[in-house]
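Colleague: Contents of query_35.cif (mmCIF, C-alpha atoms) are given next:
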```cif
data_structure
loop_
_atom_site.label_atom_id
_atom_site.label_comp_id
_atom_site.auth_asym_id
_atom_site.auth_seq_id
_atom_site.Cartn_x
_atom_site.Cartn_y
_atom_site.Cartn_z
CA MET G 21 -38.01 -38.59 -46.92
CA ASN G 22 -35.30 -37.02 -49.11
CA HIS G 23 -36.35 -39.17 -52.05
CA PHE G 24 -40.10 -38.76 -51.58
CA PRO G 25 -40.70 -36.45 -54.59
CA GLU G 26 -38.91 -38.83 -56.96
CA ARG G 27 -40.61 -41.89 -55.44
CA LEU G 28 -44.05 -40.32 -55.72
CA LYS G 29 -43.52 -39.39 -59.35
CA ASN G 30 -42.34 -42.90 -60.20
CA ALA G 31 -45.25 -44.49 -58.33
CA ARG G 32 -47.69 -42.33 -60.30
CA LYS G 33 -46.01 -43.33 -63.57
CA MET G 34 -46.18 -47.01 -62.58
CA ARG G 35 -49.96 -46.71 -62.49
CA GLY G 36 -50.07 -44.67 -65.70
CA PHE G 37 -51.77 -41.70 -64.00
CA SER G 38 -51.52 -38.04 -64.83
CA LEU G 39 -51.55 -35.66 -61.87
CA GLN G 40 -55.23 -34.94 -62.47
CA GLU G 41 -56.10 -38.63 -62.76
CA LEU G 42 -54.36 -39.40 -59.49
CA SER G 43 -56.27 -36.59 -57.82
CA ASP G 44 -59.52 -37.94 -59.27
CA VAL G 45 -58.76 -41.46 -58.00
CA MET G 46 -58.32 -39.92 -54.55
CA ASN G 47 -61.66 -38.09 -54.91
CA GLN G 48 -59.74 -34.79 -54.93
CA ALA G 49 -58.54 -35.41 -51.34
CA ILE G 50 -55.30 -33.97 -52.69
CA SER G 51 -55.54 -31.49 -55.55
CA LYS G 52 -53.59 -31.68 -58.77
CA GLN G 53 -51.68 -28.58 -57.69
CA ASP G 54 -50.74 -30.07 -54.31
CA LEU G 55 -49.65 -33.31 -55.96
CA ASN G 56 -47.36 -31.28 -58.20
CA ARG G 57 -45.94 -29.52 -55.14
CA LEU G 58 -45.29 -32.90 -53.51
CA GLU G 59 -43.49 -34.16 -56.63
CA THR G 60 -41.32 -31.06 -56.88
CA GLY G 61 -40.50 -31.08 -53.17
CA ILE G 62 -42.17 -27.74 -52.45
CA LYS G 63 -44.73 -29.41 -50.18
CA LYS G 64 -43.78 -31.98 -47.52
CA PRO G 65 -46.11 -34.93 -46.88
CA ASP G 66 -47.49 -35.87 -43.48
CA SER G 67 -48.45 -39.39 -42.41
CA GLU G 68 -52.07 -38.97 -43.55
CA ILE G 69 -51.01 -37.89 -47.05
CA VAL G 70 -48.58 -40.81 -47.32
CA SER G 71 -51.33 -43.22 -46.27
CA GLN G 72 -53.74 -41.81 -48.86
CA LEU G 73 -51.12 -42.03 -51.60
CA CYS G 74 -50.28 -45.64 -50.68
CA SER G 75 -53.94 -46.61 -51.11
CA ALA G 76 -54.34 -44.76 -54.40
CA LEU G 77 -51.07 -45.98 -55.91
CA ASN G 78 -51.12 -49.51 -54.49
CA VAL G 79 -47.69 -49.27 -52.85
CA THR G 80 -46.54 -49.74 -49.27
CA VAL G 81 -45.23 -47.03 -46.96
CA ASP G 82 -41.82 -48.66 -47.28
CA TYR G 83 -41.80 -47.78 -50.99
CA PHE G 84 -41.56 -44.06 -50.23
CA PHE G 85 -38.70 -44.54 -47.76
CA ARG G 86 -36.66 -46.93 -49.93
CA ASN G 87 -33.58 -45.32 -51.44
CA PRO G 88 -33.47 -45.65 -55.25
CA SER G 89 -30.81 -48.23 -56.15
CA VAL G 90 -31.46 -48.53 -59.90
CA SER G 91 -31.37 -45.26 -61.78
CA LEU G 92 -33.11 -44.74 -65.09
CA GLU G 93 -29.86 -43.50 -66.56
CA GLN G 94 -28.33 -46.95 -66.10
CA VAL G 95 -31.10 -48.66 -68.02
CA GLU G 96 -31.37 -48.17 -71.77
CA PHE G 97 -34.69 -49.65 -72.77
CA ARG G 98 -35.17 -50.51 -76.40
CA LYS G 99 -38.23 -50.89 -78.56
CA LEU G 100 -40.57 -48.70 -76.54
CA LYS G 101 -41.21 -46.44 -79.52
CA LYS G 102 -44.32 -48.46 -80.38
CA LEU G 103 -45.99 -47.29 -77.18
CA PRO G 104 -47.51 -43.92 -76.23
CA VAL G 105 -45.31 -41.80 -73.96
CA ARG G 106 -47.35 -42.57 -70.85
CA GLU G 107 -47.17 -46.30 -71.49
CA LYS G 108 -43.41 -46.03 -71.99
CA GLU G 109 -43.03 -44.32 -68.64
CA LYS G 110 -45.27 -46.91 -67.02
CA VAL G 111 -43.13 -49.80 -68.26
CA LYS G 112 -39.88 -48.08 -67.29
CA SER G 113 -41.05 -47.16 -63.80
CA GLN G 114 -42.56 -50.57 -63.08
CA THR G 115 -39.41 -52.34 -64.23
CA VAL G 116 -37.02 -50.18 -62.25
CA GLU G 117 -39.13 -50.48 -59.08
CA TYR G 118 -39.22 -54.27 -59.45
CA LEU G 119 -35.46 -54.39 -59.95
CA GLU G 120 -34.91 -52.29 -56.85
CA ARG G 121 -36.79 -54.80 -54.72
CA TYR G 122 -35.29 -57.87 -56.42
CA LEU G 123 -31.68 -56.69 -56.25
CA GLU G 124 -32.05 -55.52 -52.65
CA LEU G 125 -33.32 -58.97 -51.67
CA GLU G 126 -30.47 -60.74 -53.47
CA ASN G 127 -27.92 -58.42 -51.90
CA LEU G 128 -29.33 -59.08 -48.41
CA LEU G 129 -28.95 -62.81 -49.05
CA GLY G 130 -25.47 -62.39 -50.52
CA ILE G 131 -26.51 -63.85 -53.87
CA ASP G 132 -24.41 -63.19 -56.95
CA ASN G 133 -26.68 -61.58 -59.54
CA GLU G 134 -24.29 -61.30 -62.49
CA LEU G 135 -25.11 -62.81 -65.87
CA PRO G 136 -23.65 -66.26 -66.64
CA PHE G 137 -22.12 -64.81 -69.81
CA THR G 138 -20.48 -61.59 -70.91
CA PRO G 139 -23.21 -59.33 -72.32
CA ARG G 140 -23.26 -58.93 -76.11
CA ALA G 141 -20.01 -60.85 -76.51
CA PHE G 142 -20.99 -63.54 -79.01
CA LYS G 143 -19.94 -61.94 -82.30
CA ILE G 144 -22.14 -62.44 -85.36
CA LYS G 145 -20.22 -61.64 -88.53
CA PRO G 146 -21.76 -60.28 -91.75
CA GLY G 147 -21.99 -62.96 -94.41
CA LYS G 148 -21.93 -65.73 -91.80
CA GLU G 149 -25.18 -64.98 -90.02
CA ILE G 150 -26.75 -68.44 -90.38
CA GLU G 151 -23.68 -70.26 -89.05
CA GLY G 152 -23.21 -67.66 -86.34
CA ILE G 153 -26.77 -67.86 -85.04
CA SER G 154 -26.67 -71.66 -85.06
CA SER G 155 -23.42 -71.66 -83.09
CA ALA G 156 -24.76 -69.05 -80.65
CA ALA G 157 -27.91 -71.08 -79.95
CA THR G 158 -25.86 -74.26 -79.45
CA THR G 159 -23.51 -72.46 -77.06
CA MET G 160 -26.40 -71.01 -75.10
CA ARG G 161 -28.27 -74.32 -74.87
CA GLU G 162 -25.34 -76.60 -74.11
CA ASP G 163 -22.72 -74.52 -72.32
CA ILE G 164 -24.77 -71.86 -70.50
CA LEU G 165 -28.28 -73.17 -69.92
CA LYS G 166 -27.11 -76.81 -70.03
CA ILE G 167 -30.33 -78.19 -71.53
CA GLY G 168 -28.98 -79.92 -74.65
CA SER G 169 -31.64 -80.18 -77.34
CA ASP G 170 -34.57 -80.76 -74.98
CA PRO G 171 -37.73 -78.66 -75.27
CA ILE G 172 -37.82 -75.68 -72.89
CA PHE G 173 -41.05 -76.07 -70.95
CA ASN G 174 -40.71 -72.96 -68.77
CA ILE G 175 -38.42 -70.32 -70.27
CA TYR G 176 -39.25 -67.74 -67.60
CA GLU G 177 -38.15 -70.03 -64.77
CA LEU G 178 -35.05 -71.22 -66.63
CA LEU G 179 -33.85 -67.68 -67.25
CA GLU G 180 -34.42 -66.69 -63.64
CA GLU G 181 -32.47 -69.73 -62.46
CA LYS G 182 -29.57 -68.48 -64.60
CA ASN G 183 -29.57 -65.03 -62.97
CA ILE G 184 -31.49 -63.27 -65.73
CA LYS G 185 -34.18 -61.04 -64.25
CA VAL G 186 -37.53 -61.33 -66.00
CA PHE G 187 -40.29 -58.78 -65.47
CA ARG G 188 -43.84 -59.23 -66.71
CA THR G 189 -45.92 -56.22 -67.64
CA GLU G 190 -49.30 -55.74 -69.33
CA VAL G 191 -49.55 -53.02 -71.94
CA ASP G 192 -50.79 -52.60 -75.50
CA PRO G 193 -50.28 -55.83 -77.55
CA SER G 194 -48.23 -53.91 -80.13
CA PHE G 195 -45.35 -54.12 -77.65
CA SER G 196 -43.77 -57.55 -77.18
CA GLY G 197 -40.70 -57.03 -75.02
CA MET G 198 -37.32 -55.46 -74.43
CA SER G 199 -34.02 -56.18 -72.69
CA THR G 200 -31.21 -54.32 -71.01
CA THR G 201 -28.21 -54.70 -68.76
CA ILE G 202 -27.38 -52.72 -65.64
CA GLU G 203 -23.74 -51.79 -65.19
CA ASN G 204 -23.02 -54.32 -67.94
CA LYS G 205 -23.40 -57.24 -65.54
CA ILE G 206 -27.06 -57.67 -64.56
CA GLY G 207 -29.35 -58.88 -67.35
CA VAL G 208 -33.00 -57.88 -67.52
CA ILE G 209 -35.77 -59.03 -69.86
CA VAL G 210 -39.20 -57.43 -69.91
CA TYR G 211 -42.08 -59.04 -71.77
CA ASN G 212 -45.72 -58.20 -72.35
CA ASP G 213 -48.03 -60.66 -70.59
CA ASN G 214 -51.14 -59.20 -72.21
CA ASN G 215 -53.84 -61.89 -72.49
CA ASP G 216 -54.35 -61.06 -76.16
CA LEU G 217 -50.86 -62.34 -76.97
CA PRO G 218 -50.47 -66.11 -77.52
CA ILE G 219 -48.16 -67.90 -75.11
CA VAL G 220 -46.00 -69.08 -78.02
CA ARG G 221 -45.35 -65.44 -78.91
CA LYS G 222 -44.39 -64.65 -75.31
CA ARG G 223 -41.96 -67.57 -75.29
CA PHE G 224 -40.47 -66.38 -78.58
CA THR G 225 -40.13 -62.86 -77.15
CA LEU G 226 -38.24 -64.07 -74.07
CA LEU G 227 -35.66 -65.82 -76.25
CA HIS G 228 -35.54 -63.00 -78.79
CA GLU G 229 -34.59 -60.66 -75.94
CA LEU G 230 -32.07 -63.20 -74.66
CA GLY G 231 -30.49 -62.88 -78.09
CA HIS G 232 -30.10 -59.14 -77.60
CA LEU G 233 -28.35 -59.78 -74.29
CA PHE G 234 -26.04 -62.46 -75.69
CA LEU G 235 -25.22 -61.47 -79.26
CA ASP G 236 -22.81 -58.83 -80.53
CA LEU G 237 -24.78 -57.30 -83.41
CA THR G 238 -22.86 -54.06 -83.72
CA GLU G 239 -22.16 -54.62 -87.42
CA PHE G 240 -25.86 -54.73 -88.31
CA ASP G 241 -28.58 -52.10 -88.44
CA GLU G 242 -31.61 -52.31 -86.16
CA LYS G 243 -33.89 -54.05 -88.68
CA HIS G 244 -31.33 -56.75 -89.47
CA SER G 245 -30.52 -57.15 -85.77
CA GLU G 246 -34.16 -57.85 -85.01
CA LYS G 247 -34.25 -60.54 -87.69
CA LEU G 248 -31.12 -62.15 -86.28
CA CYS G 249 -32.62 -62.22 -82.79
CA ASP G 250 -35.75 -63.78 -84.30
CA ALA G 251 -33.53 -66.45 -85.85
CA PHE G 252 -31.81 -66.99 -82.51
CA ALA G 253 -35.18 -67.42 -80.76
CA GLY G 254 -36.27 -69.96 -83.38
CA ALA G 255 -33.03 -71.90 -83.00
CA MET G 256 -33.39 -71.89 -79.22
CA LEU G 257 -36.98 -73.11 -79.33
CA LEU G 258 -36.45 -75.77 -82.01
CA PRO G 259 -32.93 -77.24 -82.29
CA GLU G 260 -31.68 -78.21 -85.73
CA ASP G 261 -31.42 -81.94 -85.04
CA LYS G 262 -35.02 -82.10 -83.84
CA LEU G 263 -36.46 -80.31 -86.86
CA MET G 264 -34.34 -82.39 -89.22
CA GLU G 265 -35.73 -85.48 -87.55
CA TYR G 266 -39.31 -84.27 -87.99
CA PHE G 267 -38.89 -83.17 -91.61
CA GLY G 268 -36.59 -85.95 -92.75
CA GLY G 269 -34.95 -83.69 -95.32
CA ARG G 270 -35.94 -81.00 -97.80
CA ARG G 271 -39.68 -80.80 -98.45
CA GLU G 272 -41.97 -79.66 -101.23
CA THR G 273 -45.02 -79.96 -98.96
CA VAL G 274 -45.57 -79.34 -95.25
CA TYR G 275 -48.84 -80.18 -93.56
CA VAL G 276 -50.31 -77.85 -90.95
CA LYS G 277 -51.31 -80.81 -88.79
CA GLU G 278 -47.69 -81.90 -88.46
CA LEU G 279 -46.70 -78.34 -87.60
CA ARG G 280 -49.30 -78.41 -84.83
CA LEU G 281 -47.68 -81.53 -83.39
CA ILE G 282 -44.30 -79.81 -83.29
CA LYS G 283 -45.88 -76.73 -81.75
CA SER G 284 -47.59 -78.74 -79.01
CA TYR G 285 -44.25 -80.20 -77.87
CA PHE G 286 -41.76 -77.37 -78.38
CA GLY G 287 -44.02 -74.39 -77.68
CA ILE G 288 -43.18 -72.59 -80.91
CA SER G 289 -45.63 -70.94 -83.30
CA LEU G 290 -46.53 -72.46 -86.68
CA LEU G 291 -44.97 -69.50 -88.47
CA ALA G 292 -41.73 -69.68 -86.47
CA ILE G 293 -41.40 -73.37 -87.35
CA MET G 294 -41.59 -72.55 -91.03
CA TYR G 295 -39.06 -69.73 -90.77
CA ARG G 296 -36.80 -72.17 -88.94
CA ALA G 297 -37.30 -74.72 -91.73
CA LYS G 298 -36.34 -72.10 -94.32
CA ALA G 299 -33.20 -71.16 -92.36
CA LEU G 300 -32.17 -74.83 -92.42
CA ASN G 301 -32.93 -75.06 -96.17
CA LEU G 302 -35.72 -77.59 -95.60
CA ILE G 303 -38.20 -75.55 -97.65
CA SER G 304 -37.82 -73.00 -100.43
CA GLU G 305 -38.29 -69.25 -100.18
CA HIS G 306 -41.25 -69.60 -102.54
CA TYR G 307 -42.94 -72.18 -100.31
CA LEU G 308 -42.40 -70.02 -97.23
CA LYS G 309 -44.10 -67.07 -98.94
CA TYR G 310 -46.98 -69.36 -99.98
CA PHE G 311 -47.33 -70.57 -96.38
CA CYS G 312 -47.25 -67.02 -94.99
CA ILE G 313 -50.22 -66.09 -97.15
CA LYS G 314 -52.18 -69.14 -95.98
CA TYR G 315 -51.09 -68.53 -92.40
CA ASN G 316 -52.41 -64.96 -92.33
CA GLN G 317 -55.67 -66.09 -93.92
CA PHE G 318 -56.43 -69.19 -91.88
CA PHE G 319 -53.97 -70.14 -89.15
CA LYS G 320 -52.75 -67.00 -87.37
CA LYS G 321 -55.93 -66.77 -85.32
CA GLU G 322 -55.34 -70.23 -83.83
CA GLU G 323 -51.91 -69.49 -82.36
CA GLY G 324 -53.47 -68.94 -78.95
CA GLU G 325 -54.28 -72.65 -78.86
CA GLY G 326 -52.31 -75.85 -79.26
CA TYR G 327 -49.69 -75.41 -76.57
CA ASP G 328 -50.50 -75.96 -72.89
CA GLY G 329 -47.28 -74.79 -71.24
CA ILE G 330 -47.12 -72.22 -68.45
CA GLU G 331 -44.56 -69.45 -68.17
CA LYS G 332 -44.00 -68.52 -64.53
CA SER G 333 -41.32 -68.32 -61.87
CA ASN G 334 -41.56 -68.29 -58.08
CA ARG G 335 -37.88 -67.46 -57.52
CA PHE G 336 -38.46 -64.02 -56.00
CA ILE G 337 -41.06 -65.36 -53.55
CA GLN G 338 -38.89 -68.34 -52.68
CA LEU G 339 -36.00 -66.00 -51.88
CA LEU G 340 -38.29 -63.86 -49.72
CA ILE G 341 -39.46 -66.86 -47.71
CA ARG G 342 -35.89 -68.10 -47.38
CA ALA G 343 -34.77 -64.71 -46.10
CA VAL G 344 -37.51 -64.75 -43.46
CA ALA G 345 -36.80 -68.37 -42.46
CA GLN G 346 -33.07 -67.63 -42.10
CA GLU G 347 -33.90 -64.43 -40.17
CA VAL G 348 -32.01 -62.32 -42.68
CA ILE G 349 -35.02 -59.99 -42.83
CA SER G 350 -38.17 -59.55 -40.78
CA THR G 351 -41.59 -60.62 -41.98
CA THR G 352 -42.50 -56.95 -42.15
CA LYS G 353 -39.56 -56.25 -44.47
CA ALA G 354 -40.46 -59.26 -46.64
CA ALA G 355 -44.01 -57.99 -47.02
CA ALA G 356 -42.72 -54.55 -47.99
CA LEU G 357 -40.35 -56.03 -50.59
CA ASN G 358 -43.32 -57.87 -52.08
CA ASN G 359 -45.48 -54.71 -52.02
CA GLN G 360 -47.95 -56.31 -49.62
CA ILE G 361 -49.34 -55.50 -46.23
CA LEU G 362 -48.01 -57.73 -43.48
CA GLY G 363 -51.21 -59.68 -42.85
CA ASP G 364 -51.67 -60.56 -46.52
CA PHE G 365 -48.08 -61.73 -46.86
CA ARG G 366 -48.31 -63.94 -43.78
CA GLU G 367 -51.60 -65.47 -44.90
CA GLN G 368 -50.43 -66.12 -48.45
CA TYR G 369 -46.88 -67.37 -47.92
CA LEU G 370 -46.22 -68.34 -44.30
CA ASP G 371 -47.58 -71.26 -42.28
CA ALA G 372 -50.17 -70.38 -39.70
CA ASP G 373 -49.27 -71.13 -36.09
CA LYS G 374 -50.67 -74.46 -35.01
CA LYS G 375 -51.62 -74.92 -31.40
#
```
As structure tokens, please, write out the structure in this file.
Modeller:
Amino acid sequence: MNHFPERLKNARKMRGFSLQELSDVMNQAISKQDLNRLETGIKKPDSEIVSQLCSALNVTVDYFFRNPSVSLEQVEFRKLKKLPVREKEKVKSQTVEYLERYLELENLLGIDNELPFTPRAFKIKPGKEIEGISSAATTMREDILKIGSDPIFNIYELLEEKNIKVFRTEVDPSFSGMSTTIENKIGVIVYNDNNDLPIVRKRFTLLHELGHLFLDLTEFDEKHSEKLCDAFAGAMLLPEDKLMEYFGGRRETVYVKELRLIKSYFGISLLAIMYRAKALNLISEHYLKYFCIKYNQFFKKEEGEGYDGIEKSNRFIQLLIRAVAQEVISTTKAAALNNQILGDFREQYLDADKK
């Protein structure tokens, strides 16, 4: 129980509770003062206290006994400044706890979890941003992800298959996502799965954050770097040859109905298509500004519709079941790694005995 104080504090942050709120959830079974003593190590928990905390914080007993394997100091999360402090801590704690379980499982199975590319190694040079982003997207699609110019129907699953850890959270819609590396070899992307955010925005965020993992943007300030990662996401979602085929050359007019057709197939927002068209010199700056005005007035509200794709991955669960089937871990351990009680895990993921 040496790590209990730290684990308790992180579990509380994962739920977004203050000490008083946690006490209230527990109907004051443990006071705010005693919770503080538990978190500082002054007070030692007994089995009843641990059980009560597990129920209130929705974690398993195993959580409190698991040694921390991913420290916050190793993870430099970006773009959390839009969130209140408590929400920041919630996202950080949830992500680190998920990584602990995921990396432990991979290590037990002997799976290599390094990125398929050197982090932040693809140099983008000032004055050659357009060519650089185009080349980076082509390299990522063809050499790393090996998908050519096909639409990406499930970005989440594709990234996970390429050893990039993706964690979904639900916080205020003002936050889209963030990315980081651990020990400069394990890549992590976090995105906001809030229901108020259109799926096309979530897809864009996943690839925007992939840009931060892949691109060397050290010669640009933060604002310019964000724009370059936006351009990378657009190029990943809609390859140049495909958009050129749709547009047929430079345009003076673009119809929203044709944009909707592109969106329905490639899973990219109407606005992102137009920014991509501008980057490829298929429309003028003036026409893009005109479209942006119309978009904000009439079309932005429809972005939640028009694309039926699903972003999900079952890789973690598949690895859990594999580990149980190969007797690498017990069913009890698998349930703990999935933050479930044993009975629920068996019922949900394992075949019932047939007599």
Colleague: Please enumerate the residues selected by the PyMOL selection byres ((chain G and resi 269) around 12) when evaluated against the supplied file, formatted as number ranges by chain.
Modeller: G: 260-268, 270-274, 297-298, 300-303
Colleague: Please determine, counting only C-alpha atoms, which residue among G:Leu100, G:Ile288, G:Glu246, G:Pro218 has the shortest atom-to-atom distance to Gly197 (chain G).
Modeller: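 Checking each candidate against Gly197 (chain G), we get G:Leu100 as the closest.
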Colleague: For a quick check of understanding, using only C-alpha atoms, which of G:Met198, G:Leu119, G:Ile144, G:Leu258 has the smallest distance to Ser169 (chain G)?
Modeller: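 Of G:Met198, G:Leu119, G:Ile144, G:Leu258, the one nearest Ser169 (chain G) is G:Leu258, counting only C-alpha atoms.
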Colleague: Env of Ser51 (chain G): 12 Å cut, atoms = all atoms listed in the file, seq-sep filter 5 positions within chain, self excluded. Answer as JSON, numbers by chain.
Modeller: {"G": [39, 40, 41, 42, 43, 44, 45, 46, 56, 57, 58, 69]}
Colleague: Taking the file above as input, evaluate the PyMOL selection byres ((chain G and resi 226-229) around 10) and report the hits as a PyMOL selection string.
Modeller: chain G and resi 175-176+179+186+196-200+208-212+221-225+230-235+246-257
Colleague: Using C-alpha atoms, can you export the residues from the last selection as an mmCIF file, keeping the file's coordinate frame?
Modeller:
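Just written: selection.cif:
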```cif
data_model
loop_
_atom_site.group_PDB
_atom_site.id
_atom_site.type_symbol
_atom_site.label_atom_id
_atom_site.label_comp_id
_atom_site.auth_asym_id
_atom_site.auth_seq_id
_atom_site.Cartn_x
_atom_site.Cartn_y
_atom_site.Cartn_z
ATOM 1 C CA ILE G 175 -38.420 -70.320 -70.270
ATOM 2 C CA TYR G 176 -39.250 -67.740 -67.600
ATOM 3 C CA LEU G 179 -33.850 -67.680 -67.250
ATOM 4 C CA VAL G 186 -37.530 -61.330 -66.000
ATOM 5 C CA SER G 196 -43.770 -57.550 -77.180
ATOM 6 C CA GLY G 197 -40.700 -57.030 -75.020
ATOM 7 C CA MET G 198 -37.320 -55.460 -74.430
ATOM 8 C CA SER G 199 -34.020 -56.180 -72.690
ATOM 9 C CA THR G 200 -31.210 -54.320 -71.010
ATOM 10 C CA VAL G 208 -33.000 -57.880 -67.520
ATOM 11 C CA ILE G 209 -35.770 -59.030 -69.860
ATOM 12 C CA VAL G 210 -39.200 -57.430 -69.910
ATOM 13 C CA TYR G 211 -42.080 -59.040 -71.770
ATOM 14 C CA ASN G 212 -45.720 -58.200 -72.350
ATOM 15 C CA ARG G 221 -45.350 -65.440 -78.910
ATOM 16 C CA LYS G 222 -44.390 -64.650 -75.310
ATOM 17 C CA ARG G 223 -41.960 -67.570 -75.290
ATOM 18 C CA PHE G 224 -40.470 -66.380 -78.580
ATOM 19 C CA THR G 225 -40.130 -62.860 -77.150
ATOM 20 C CA LEU G 230 -32.070 -63.200 -74.660
ATOM 21 C CA GLY G 231 -30.490 -62.880 -78.090
ATOM 22 C CA HIS G 232 -30.100 -59.140 -77.600
ATOM 23 C CA LEU G 233 -28.350 -59.780 -74.290
ATOM 24 C CA PHE G 234 -26.040 -62.460 -75.690
ATOM 25 C CA LEU G 235 -25.220 -61.470 -79.260
ATOM 26 C CA GLU G 246 -34.160 -57.850 -85.010
ATOM 27 C CA LYS G 247 -34.250 -60.540 -87.690
ATOM 28 C CA LEU G 248 -31.120 -62.150 -86.280
ATOM 29 C CA CYS G 249 -32.620 -62.220 -82.790
ATOM 30 C CA ASP G 250 -35.750 -63.780 -84.300
ATOM 31 C CA ALA G 251 -33.530 -66.450 -85.850
ATOM 32 C CA PHE G 252 -31.810 -66.990 -82.510
ATOM 33 C CA ALA G 253 -35.180 -67.420 -80.760
ATOM 34 C CA GLY G 254 -36.270 -69.960 -83.380
ATOM 35 C CA ALA G 255 -33.030 -71.900 -83.000
ATOM 36 C CA MET G 256 -33.390 -71.890 -79.220
ATOM 37 C CA LEU G 257 -36.980 -73.110 -79.330
#
```
Colleague: If I take CA of Asp192 (chain G) and CA of Glu107 (chain G), how far is one from the other in Å, to one decimal?
Modeller: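 Atom-to-atom, CA of Asp192 (chain G) to CA of Glu107 (chain G), that is 8.3 Å.
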Colleague: In Å, rounded to a single decimal, give me how far CA of Asn174 (chain G) is from CA of Ile330 (chain G).
Modeller: 6.5 Å
